[in-house]
Amino acid sequence: MAETIYWLATLLWSLVVLLALIVFRRPLGRLIRSAGNRDLLVRIADQDLSVAELARQQADLINDLQHQVSALRQRVGELETTGWQAHDAEHEHADARLAELIAAAPAPAPVVIPAQPEPAPEPVRTLVPHPQFPVPSGPPPWERVEAIAEPAATPPAPPAPVTEKAPALPTQADRLPTPSDRRPAPSGLLWVDDHPEHSAVQIDLLQRHQVMVHTARSTDEALDSLRKRRYEMVISGMTRDENGKSIPNAGLELVRAIRMLDQDTPIAIYSNGQPAGMYGPMAQDAGANVLTGSWFELAEELRTRRLFPITKPSR
């Protein structure tokens, strides 16, 4: 009996392993193929990234941070070598000019205060009684003490009733309708990129700081999202592949289309390269608020607008 149970258990484990292989054959196949290509996949911000792509994005962020630190150190060095020297020279010149003005100013004339004559003593006056008006005896009136009757206490008057005045409600004439009144309050960010996996690290960083990020892969998809809701900022690249062709000024066209619908939502063009340098100023003229290729500068802009809180990540 024990031997029969042993063989049944062995057969049952074999069936369980075979069933697991059948159920998970596709994920295991992708894992084996990626391992064979030495390119394992990692899921970040709902995007499947290869280890090589993840390493590239992290390297770009590190290079950007190093560039910002290098520029800051260079600026501090320039201030230490030239800025403070110019500041000290300017103050020395101002002090010398002030000393020259003081030396050239004429000496003030002495102020002579004439001596005041001493006042003449007042004559002593004596009281001579008149024969028809004798001097009364006793103390003068101002030294007499007389009882002064206190007035009868009167009960205080009851306080007047307080009537609360209702606040004046604004009328329709006082309230001007604006586009913001007819739409819900803005929330979250809209990230427009035909390859959102190329910015998965940045999007994941925002999401881990409790920032809601929606993605759109084309200009039409972004405009459709903007018609349904309002966002606190729209972030877009400059070049995109749409409808089977490459559009180098897609970011510029998106800015123009958004400004035809909305004049309030901030727009950031987050892009590098020649198209950004060529069409970036035109995008700013069309209504883009930010033009940068640095994640550090974009994050600082988000913090300035209180869209990227300086808090500890949630996970």
# chains A, B, ... in the order shown; residues from 1 in each chain; ligands from 1
>>> residues_around(residues="Ala268 of chain A", least_positions_apart="5", cutoff="12 Å", atoms="only C-alpha atoms", output="compact mmCIF listing (two decimals) with N, CA and C atoms, in the first residue's frame")
# COMPACT_ATOMS: atom_id res chain seq x y z
N LEU A 189 -0.58 64.91 -15.07
CA LEU A 189 0.22 65.33 -16.22
C LEU A 189 -0.13 64.47 -17.42
N LEU A 190 -0.01 65.06 -18.60
CA LEU A 190 -0.18 64.34 -19.86
C LEU A 190 1.17 64.29 -20.56
N TRP A 191 1.71 63.09 -20.73
CA TRP A 191 3.03 62.89 -21.35
C TRP A 191 2.80 62.37 -22.77
N VAL A 192 3.18 63.14 -23.77
CA VAL A 192 2.93 62.80 -25.17
C VAL A 192 4.25 62.33 -25.78
N GLU A 232 -2.66 69.48 -15.38
CA GLU A 232 -1.86 70.56 -14.80
C GLU A 232 -0.68 70.93 -15.69
N MET A 233 -0.25 70.03 -16.56
CA MET A 233 0.81 70.34 -17.53
C MET A 233 0.81 69.26 -18.60
N VAL A 234 1.16 69.67 -19.81
CA VAL A 234 1.35 68.75 -20.93
C VAL A 234 2.84 68.73 -21.26
N ILE A 235 3.43 67.54 -21.29
CA ILE A 235 4.85 67.36 -21.61
C ILE A 235 4.93 66.60 -22.92
N SER A 236 5.68 67.14 -23.86
CA SER A 236 5.74 66.53 -25.19
C SER A 236 7.15 66.61 -25.73
N GLY A 237 7.50 65.60 -26.52
CA GLY A 237 8.73 65.67 -27.29
C GLY A 237 8.52 66.51 -28.55
N MET A 238 9.57 66.65 -29.34
CA MET A 238 9.45 67.44 -30.56
C MET A 238 9.21 66.57 -31.77
N GLY A 251 5.90 68.34 -31.96
CA GLY A 251 5.70 69.10 -30.73
C GLY A 251 5.18 70.50 -30.99
N LEU A 252 5.71 71.15 -32.02
CA LEU A 252 5.24 72.48 -32.40
C LEU A 252 3.78 72.46 -32.81
N LEU A 254 1.56 70.30 -31.92
CA LEU A 254 0.74 70.03 -30.74
C LEU A 254 0.52 71.30 -29.94
N VAL A 255 1.56 72.12 -29.79
CA VAL A 255 1.40 73.38 -29.04
C VAL A 255 0.38 74.27 -29.72
N ILE A 258 -3.13 72.82 -29.13
CA ILE A 258 -3.62 72.99 -27.76
C ILE A 258 -4.03 74.43 -27.51
N ALA A 276 14.69 69.99 -31.97
CA ALA A 276 14.34 70.84 -30.83
C ALA A 276 14.99 72.22 -30.97
N GLY A 280 12.15 74.67 -31.53
CA GLY A 280 11.89 75.05 -30.15
C GLY A 280 11.49 76.50 -29.97
N ALA A 283 8.03 77.00 -31.08
CA ALA A 283 7.06 76.45 -30.13
C ALA A 283 6.83 77.41 -28.96
N GLN A 284 7.90 78.08 -28.53
CA GLN A 284 7.74 79.07 -27.45
C GLN A 284 6.89 80.25 -27.93
N ALA A 286 4.60 80.04 -30.07
CA ALA A 286 3.24 79.55 -30.23
C ALA A 286 2.53 79.35 -28.90
N GLY A 287 3.29 79.37 -27.79
CA GLY A 287 2.63 79.25 -26.48
C GLY A 287 3.23 78.24 -25.55
N ALA A 288 4.35 77.59 -25.90
CA ALA A 288 4.99 76.66 -24.97
C ALA A 288 5.63 77.43 -23.82
N ASN A 289 5.46 76.92 -22.62
CA ASN A 289 5.98 77.60 -21.43
C ASN A 289 7.40 77.19 -21.10
N VAL A 290 7.79 75.97 -21.46
CA VAL A 290 9.11 75.44 -21.10
C VAL A 290 9.69 74.76 -22.32
N LEU A 291 10.99 74.99 -22.54
CA LEU A 291 11.74 74.31 -23.60
C LEU A 291 13.06 73.85 -23.01
N THR A 292 13.22 72.54 -22.86
CA THR A 292 14.43 72.02 -22.24
C THR A 292 14.64 70.58 -22.68
N GLY A 293 15.87 70.18 -22.65
CA GLY A 293 16.23 68.79 -22.89
C GLY A 293 16.80 68.13 -21.66
N SER A 294 16.72 68.82 -20.52
CA SER A 294 17.28 68.33 -19.26
C SER A 294 16.15 67.92 -18.33
N TRP A 295 16.24 66.70 -17.84
CA TRP A 295 15.25 66.25 -16.86
C TRP A 295 15.38 67.04 -15.56
N GLU A 297 16.14 70.25 -15.24
CA GLU A 297 15.44 71.52 -15.42
C GLU A 297 13.92 71.32 -15.47
N LEU A 298 13.48 70.24 -16.11
CA LEU A 298 12.04 69.97 -16.17
C LEU A 298 11.50 69.67 -14.78
N ALA A 299 12.23 68.89 -13.97
CA ALA A 299 11.79 68.60 -12.61
C ALA A 299 11.76 69.87 -11.76
N GLU A 301 11.14 72.85 -12.88
CA GLU A 301 9.95 73.59 -13.32
C GLU A 301 8.69 72.99 -12.69
N LEU A 302 8.63 71.67 -12.62
CA LEU A 302 7.48 71.03 -11.99
C LEU A 302 7.40 71.36 -10.51
>>> closest_residue(among="A:Glu300, A:Ala20, A:Val213, A:Val69", to="Ala200 of chain A", atoms="only C-alpha atoms")
A:Val213
>>> closest_residue(among="A:Met260, A:Ser199, A:His91, A:Val76", to="Gln57 of chain A", atoms="only C-alpha atoms")
A:Ser199
>>> residues_around(residues="segment 242-248 of chain A", least_positions_apart="3", cutoff="8 Å", atoms="only C-alpha atoms", output="list in words")
Asp194, Ser218, Met238, Thr239 and Pro275 of chain A
